[in-house]
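In what follows, a structure is listed as structure tokens, so that the remarks can point back to it.
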Protein chains: 2
Amino acid sequence: MNKVKPREANNATAVDVTDLILHDIQTGVLAPGSWLKQIDLEQRYQCTRPEVRRALDRLAQRRLVEHVPNRGYHVFEPDGRQAAEVSEIRILLEAGVADKIAANTSEPDVEALRNLASRFDTLILEGTPIELYEANLAFHHKLLSLCGNQELVNLVTEIRQRTSSAPVSQWKTRARIEQSSREHHQMIDAVAAGDGAALKDAIARHIRQD
Amino acid sequence: MNKVKPREANNATAVDVTDLILHDIQTGVLAPGSWLKQIDLEQRYQCTRPEVRRALDRLAQRRLVEHVPNRGYHVFEPDGRQAAEVSEIRILLEAGVADKIAANTSEPDVEALRNLASRFDTLILEGTPIELYEANLAFHHKLLSLCGNQELVNLVTEIRQRTSSAPVSQWKTRARIEQSSREHHQMIDAVAAGDGAALKDAIARHIRQD
DNA sequence: ATATCCAAAATTGGCGCCAATTTATGATAA
DNA sequence: TTATCATAAATTGGCGCCAATTTTGGATAT
């Protein structure tokens with residue numbers, strides 16, 4: 001006697017509520033400082049109370065939300081000092097592997113980078129800020145992954161989330177966005193030329209200005 | 001039946017179970033690869049099931065334990081590749097701030113470093129491996145904190161935990177321990193001389209050999 | 001009118017029960 | 001004897017209820 005399984009009842013919950021909340025923090029839907037009321041979250045994301053609590057605890061561990069016992073959770077507000085410190089860390093890590101990136105990169109990798117950079121360029125005109133943000137992330141992720149150190153890629157991905165709580169609004173002016181675009185192409189040129197020193201310089205400048 | 005009236009089980013412990021389990025992983029009491037059965041943990045640490053689950057989830061987020069759904073949690077077994085990658089990251093970060101350490105350090109700081117280093121030396125002969133491990137950690141923490149970047153200190157502390165799952169047994173031979181001791185003093189000398197380049201070199205060698 | 005205090009509502013957080021899944025055990029057949 | 005399968009035990013994991021704490025609102029006294 002076979003058991004009949006209800007098909008529509010338990011849909012694939014492969015995505016964690018943590019990621020949904022995280023995404024809304026990154027895109028600025030949940031603004032820095034705003035109160036994350038548990039009852040609101042369980043309605044908004046259609047999940048149970050324990051799921052909300054686990055997600056909030058995880059995000060608090062990652063320093064994306066701040067927790068005050070018996071008083072709830074708030075979206076973390078980035079400190080000026082912390083932001084500067086994290087930028088320094090990113091420069092040490094990302095510029096530090098510039099030589100390896102320049103050495104390891106093959107022609108198809110350069111091609112892929114050019115595609116990601118021009119996708120960013122396209123979205124400057126035609127895309128939403130969120131799409132632009134994600135295209136930028138994709139470019140940097142691809143570039144960094146060429147260093148061959150997977151742990152470093154994961155770490156940078158993590159600390160990049162940690163401070164820029166509302167990353168969508170981080171490029172304020174059009175001029176700054178276009179400056180970013182130019183720097184992307186400078187990095188690619190340095191990679192293609194195998195010039196690690198030039199790449200290191202370009203990466204450091206790029207991180208500093210953001 | 002087993003409902004024994006808890007006399008002192010009701011103590012107000014501000015310490016989280018997470019830290020207790022973490023400590024036992026660091027000290028090698030819970031060996032890499034060993035299965036963390038929930039019922040065992042709640043007896044061992046005299047806490048409730050939800051507390052155990054929250055602690056395990058947090059440690060899984062930090063990559064200190066590995067989680068397989070419906071099959072439980074195991075102490076993470078460090079991969080050779082990962083260990084090498086984390087070492088590279090530590091070199092980039094810790095050696096990267098050598099100049100700042102050498103520049104920022106005052107005379108009392110040097111004094112404190114010498115005390116921590118000689119405490120390490122003393123414990124080589126008289127202390128337990130755990131005490132030695134903690135003295136080493138204290139020295140490196142103090143040295144690194146002189147760079148002035150608090151976020152970087154936190155990050156290094158975190159990733160140092162991440163890979164060396166049984167850090168107590170990381171110094172196998174006496175010769176290696178004494179080599180570490182000599183390198184500690186070399187670092188201090190470089191700091192005292194304000195020689196950032198020498199400090200950078202000493203830090204890189206020190207991390208590579210561990 | 002203003003400050004203080006008490007009660008009620010709202011919110012957070014802990015805990016135990018039970019379902020789902022996996023693992024161990026033993027019986028049966030080839 | 002060995003492999004296969006069914007049943008029982010053990011383990012994980014989800015969910016709802018209720019206690020503890022905080023916040024809100026209003027009544028009372030000065």
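Each chain in the structure tokens gets a letter, A, B, ..., in the order shown, and its residues are numbered from 1; ligands are numbered from 1 in order too.
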Which RMSD value, in Å, describes how well chain B fits onto chain A when all C-alpha atoms are paired in order and fitted by least squares?
-> 4.1 Å
Residue contacts of DC18 of chain C (12 Å, only C-alpha atoms (C1' of nucleotides)) excluding same-chain residues fewer than 6 positions away, as a PyMOL selection string = chain D and resi 13-16
Let's have the selection written as a short mmCIF file (atom, residue, chain, number, x, y, z; two decimals), in the first residue's frame, with C-alpha atoms (C1' of nucleotides).
```cif
data_model
loop_
_atom_site.label_atom_id
_atom_site.label_comp_id
_atom_site.auth_asym_id
_atom_site.auth_seq_id
_atom_site.Cartn_x
_atom_site.Cartn_y
_atom_site.Cartn_z
"C1'" DG D 13 13.82 18.72 13.37
"C1'" DG D 14 9.44 21.51 13.20
"C1'" DC D 15 5.76 23.76 15.60
"C1'" DG D 16 2.75 25.78 19.03
#
```
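Proximity of B:Ile130, B:Leu20, B:Cys47, B:Ala95 to chain C, computed with only C-alpha atoms (C1' of nucleotides), is greatest for B:Cys47.
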Distance table requested - chain A against chain B, cut-off 7 Å, only C-alpha atoms: one row per qualifying residue with the closest atom pair and its distance in Å to one decimal, ordered by chain and rising residue number, as CSV.
```
residue,atom,partner,partner_atom,distance
A:Arg58,CA,B:Arg58,CA,6.9
A:Gln82,CA,B:Glu151,CA,6.7
A:Glu85,CA,B:Asn149,CA,5.9
A:Val86,CA,B:Glu151,CA,6.7
A:Ile89,CA,B:Leu152,CA,6.5
A:Leu92,CA,B:Leu93,CA,6.2
A:Leu93,CA,B:Leu92,CA,6.2
A:Gly96,CA,B:Leu92,CA,6.4
A:Asn149,CA,B:Glu85,CA,5.9
A:Glu151,CA,B:Glu85,CA,6.2
A:Leu152,CA,B:Ile89,CA,6.5
```
For the selection just defined, write its residues with N, CA and C atoms to a file, as an mmCIF file, in the first residue's frame.
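Output contents, as saved in again25.cif:
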```
data_model
loop_
_atom_site.group_PDB
_atom_site.id
_atom_site.type_symbol
_atom_site.label_atom_id
_atom_site.label_comp_id
_atom_site.auth_asym_id
_atom_site.auth_seq_id
_atom_site.Cartn_x
_atom_site.Cartn_y
_atom_site.Cartn_z
ATOM 1 N N ARG A 58 20.993 33.903 12.855
ATOM 2 C CA ARG A 58 22.086 33.750 11.890
ATOM 3 C C ARG A 58 22.580 35.104 11.396
ATOM 4 N N GLN A 82 34.053 51.410 11.022
ATOM 5 C CA GLN A 82 34.002 50.028 10.566
ATOM 6 C C GLN A 82 34.085 49.938 9.055
ATOM 7 N N GLU A 85 37.550 50.391 7.987
ATOM 8 C CA GLU A 85 38.372 49.233 8.332
ATOM 9 C C GLU A 85 38.122 48.072 7.386
ATOM 10 N N VAL A 86 36.863 47.866 7.038
ATOM 11 C CA VAL A 86 36.556 46.774 6.124
ATOM 12 C C VAL A 86 37.129 47.052 4.739
ATOM 13 N N ILE A 89 40.645 46.017 4.817
ATOM 14 C CA ILE A 89 40.751 44.552 4.747
ATOM 15 C C ILE A 89 40.582 44.071 3.318
ATOM 16 N N LEU A 92 43.675 44.729 1.311
ATOM 17 C CA LEU A 92 44.731 43.758 1.605
ATOM 18 C C LEU A 92 44.476 42.446 0.885
ATOM 19 N N LEU A 93 43.238 41.994 0.916
ATOM 20 C CA LEU A 93 42.939 40.680 0.342
ATOM 21 C C LEU A 93 42.881 40.729 -1.183
ATOM 22 N N GLY A 96 46.003 41.962 -2.727
ATOM 23 C CA GLY A 96 47.071 41.040 -2.385
ATOM 24 C C GLY A 96 47.190 39.850 -3.313
ATOM 25 N N ASN A 149 42.117 30.885 -4.897
ATOM 26 C CA ASN A 149 41.910 30.637 -3.469
ATOM 27 C C ASN A 149 40.416 30.748 -3.141
ATOM 28 N N GLU A 151 38.697 29.838 -0.514
ATOM 29 C CA GLU A 151 38.393 30.356 0.819
ATOM 30 C C GLU A 151 38.429 31.876 0.833
ATOM 31 N N LEU A 152 39.385 32.441 0.121
ATOM 32 C CA LEU A 152 39.484 33.895 0.061
ATOM 33 C C LEU A 152 38.272 34.493 -0.641
#
```
Produce a table with one row for each residue of chain C that has an atom at most 12 Å from any atom of chain B, each row naming the nearest atom pair and its distance in Å at one decimal; use only C-alpha atoms (C1' of nucleotides); arrange rows by chain and rising residue number; format as CSV.
```
residue,atom,partner,partner_atom,distance
C:DG13,C1',B:Pro50,CA,11.2
C:DG14,C1',B:Pro50,CA,8.3
C:DC15,C1',B:Pro50,CA,7.8
C:DG16,C1',B:Arg49,CA,9.4
C:DA20,C1',B:Asn70,CA,9.2
C:DT21,C1',B:Asn70,CA,6.4
C:DT22,C1',B:Arg71,CA,7.1
C:DT23,C1',B:Arg71,CA,9.8
```
Residue contacts of His23 of chain B (12 Å, only C-alpha atoms (C1' of nucleotides)) excluding same-chain residues fewer than 2 positions away, as a list of chain:residue names = B:Val15, B:Asp16, B:Val17, B:Thr18, B:Asp19, B:Leu20, B:Ile21, B:Ile25, B:Gln26, B:Thr27, B:Gly28, B:Val29, B:Leu30, B:Ala31, B:Leu59, B:Leu64, B:Ile130, B:Tyr133, B:Glu134, B:Gln161, B:Ser165, B:Ala166, B:Pro167, B:Val168
Would you please extract all strand (DSSP E or B) residues from segment 11-161 of chain A, as assigned by DSSP on the backbone, and give them as a VMD selection string?
-> chain A and resid 35 to 36 65 to 68 72 to 75
Pick from C:DA19, C:DA24, C:DC6, C:DA30 nearest to DG25 of chain D, counting only C-alpha atoms (C1' of nucleotides) |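 Among the listed residues, C:DC6 lies closest to DG25 of chain D.
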Near-DT24 of chain D list (10 Å; only C-alpha atoms (C1' of nucleotides); drop same-chain fewer than 6 positions) as a compact mmCIF listing (two decimals) with all heavy atoms, in the first residue's frame:
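Saved to selection_30.txt:
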```
# COMPACT_ATOMS: atom_id res chain seq x y z
P DA C 8 -6.07 45.25 34.12
OP1 DA C 8 -7.54 45.27 34.33
OP2 DA C 8 -5.26 44.16 34.69
O5' DA C 8 -5.79 45.33 32.56
C5' DA C 8 -6.16 46.51 31.84
C4' DA C 8 -5.45 46.57 30.51
O4' DA C 8 -4.04 46.88 30.72
C3' DA C 8 -5.46 45.27 29.69
O3' DA C 8 -5.74 45.58 28.34
C2' DA C 8 -4.06 44.70 29.86
C1' DA C 8 -3.24 45.98 29.97
N9 DA C 8 -1.98 45.82 30.68
C8 DA C 8 -1.76 45.14 31.85
N7 DA C 8 -0.51 45.17 32.25
C5 DA C 8 0.13 45.90 31.27
C6 DA C 8 1.48 46.29 31.11
N6 DA C 8 2.44 45.98 31.99
N1 DA C 8 1.78 47.04 30.03
C2 DA C 8 0.81 47.36 29.18
N3 DA C 8 -0.48 47.05 29.21
C4 DA C 8 -0.76 46.32 30.30
P DA C 9 -6.22 44.41 27.34
OP1 DA C 9 -7.57 44.73 26.89
OP2 DA C 9 -5.92 43.09 27.96
O5' DA C 9 -5.22 44.59 26.11
C5' DA C 9 -4.88 45.91 25.68
C4' DA C 9 -3.52 45.93 25.02
O4' DA C 9 -2.49 45.80 26.03
C3' DA C 9 -3.27 44.80 24.01
O3' DA C 9 -2.89 45.36 22.77
C2' DA C 9 -2.16 43.96 24.64
C1' DA C 9 -1.45 44.96 25.54
N9 DA C 9 -0.79 44.37 26.69
C8 DA C 9 -1.34 43.56 27.64
N7 DA C 9 -0.49 43.17 28.56
C5 DA C 9 0.70 43.78 28.20
C6 DA C 9 1.98 43.77 28.77
N6 DA C 9 2.29 43.10 29.88
N1 DA C 9 2.95 44.48 28.16
C2 DA C 9 2.64 45.15 27.05
N3 DA C 9 1.47 45.24 26.41
C4 DA C 9 0.53 44.52 27.04
P DA C 10 -2.74 44.41 21.49
OP1 DA C 10 -3.32 45.12 20.34
OP2 DA C 10 -3.19 43.04 21.84
O5' DA C 10 -1.15 44.38 21.32
C5' DA C 10 -0.40 45.58 21.54
C4' DA C 10 1.08 45.28 21.59
O4' DA C 10 1.44 44.75 22.89
C3' DA C 10 1.56 44.24 20.57
O3' DA C 10 2.75 44.72 19.97
C2' DA C 10 1.82 43.00 21.42
C1' DA C 10 2.27 43.61 22.73
N9 DA C 10 2.07 42.76 23.89
C8 DA C 10 0.95 42.06 24.24
N7 DA C 10 1.07 41.38 25.36
C5 DA C 10 2.36 41.66 25.77
C6 DA C 10 3.11 41.24 26.89
N6 DA C 10 2.63 40.42 27.83
N1 DA C 10 4.37 41.69 27.01
C2 DA C 10 4.85 42.52 26.07
N3 DA C 10 4.24 42.98 24.97
C4 DA C 10 3.00 42.50 24.89
```
Of the candidates D:DT11, D:DT23, D:DT2, D:DC18, which one gets nearest to chain A if we count only C-alpha atoms (C1' of nucleotides)?
-> D:DT23
Could you tell me which of A:Gly72, A:Ile39, A:Arg114, A:Arg44 comes closest to chain D if we count only C-alpha atoms (C1' of nucleotides)?
->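 The shortest atom-to-atom distance to chain D comes from A:Gly72.
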So what do you get for atom CA of Pro129 of chain A versus atom CA of Leu143 of chain A, distance-wise?
->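 Atom-to-atom, atom CA of Pro129 of chain A and atom CA of Leu143 of chain A are spaced 21.2 Å apart.
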Pick out the residues sitting within 6 Å of segment 98-110 of chain B, and hand them over as a PyMOL selection string; count only C-alpha atoms (C1' of nucleotides), and ignore anything fewer than 5 positions along from it in its own chain.
-> chain B and resi 146-147+191+194+196+199-200
Export of prior selection with C-alpha atoms as a PDB file, in the first residue's frame:
```pdb
ATOM      1  CA  LEU B 146      48.463  47.101  17.495  1.00  0.00           C
ATOM      2  CA  CYS B 147      47.559  47.606  13.856  1.00  0.00           C
ATOM      3  CA  VAL B 191      58.550  45.971  16.218  1.00  0.00           C
ATOM      4  CA  GLY B 194      60.272  50.045  13.931  1.00  0.00           C
ATOM      5  CA  GLY B 196      58.085  47.037   9.230  1.00  0.00           C
ATOM      6  CA  LEU B 199      58.257  42.265  10.868  1.00  0.00           C
ATOM      7  CA  LYS B 200      56.364  41.433   7.700  1.00  0.00           C
TER       8      LYS B 200
END
```
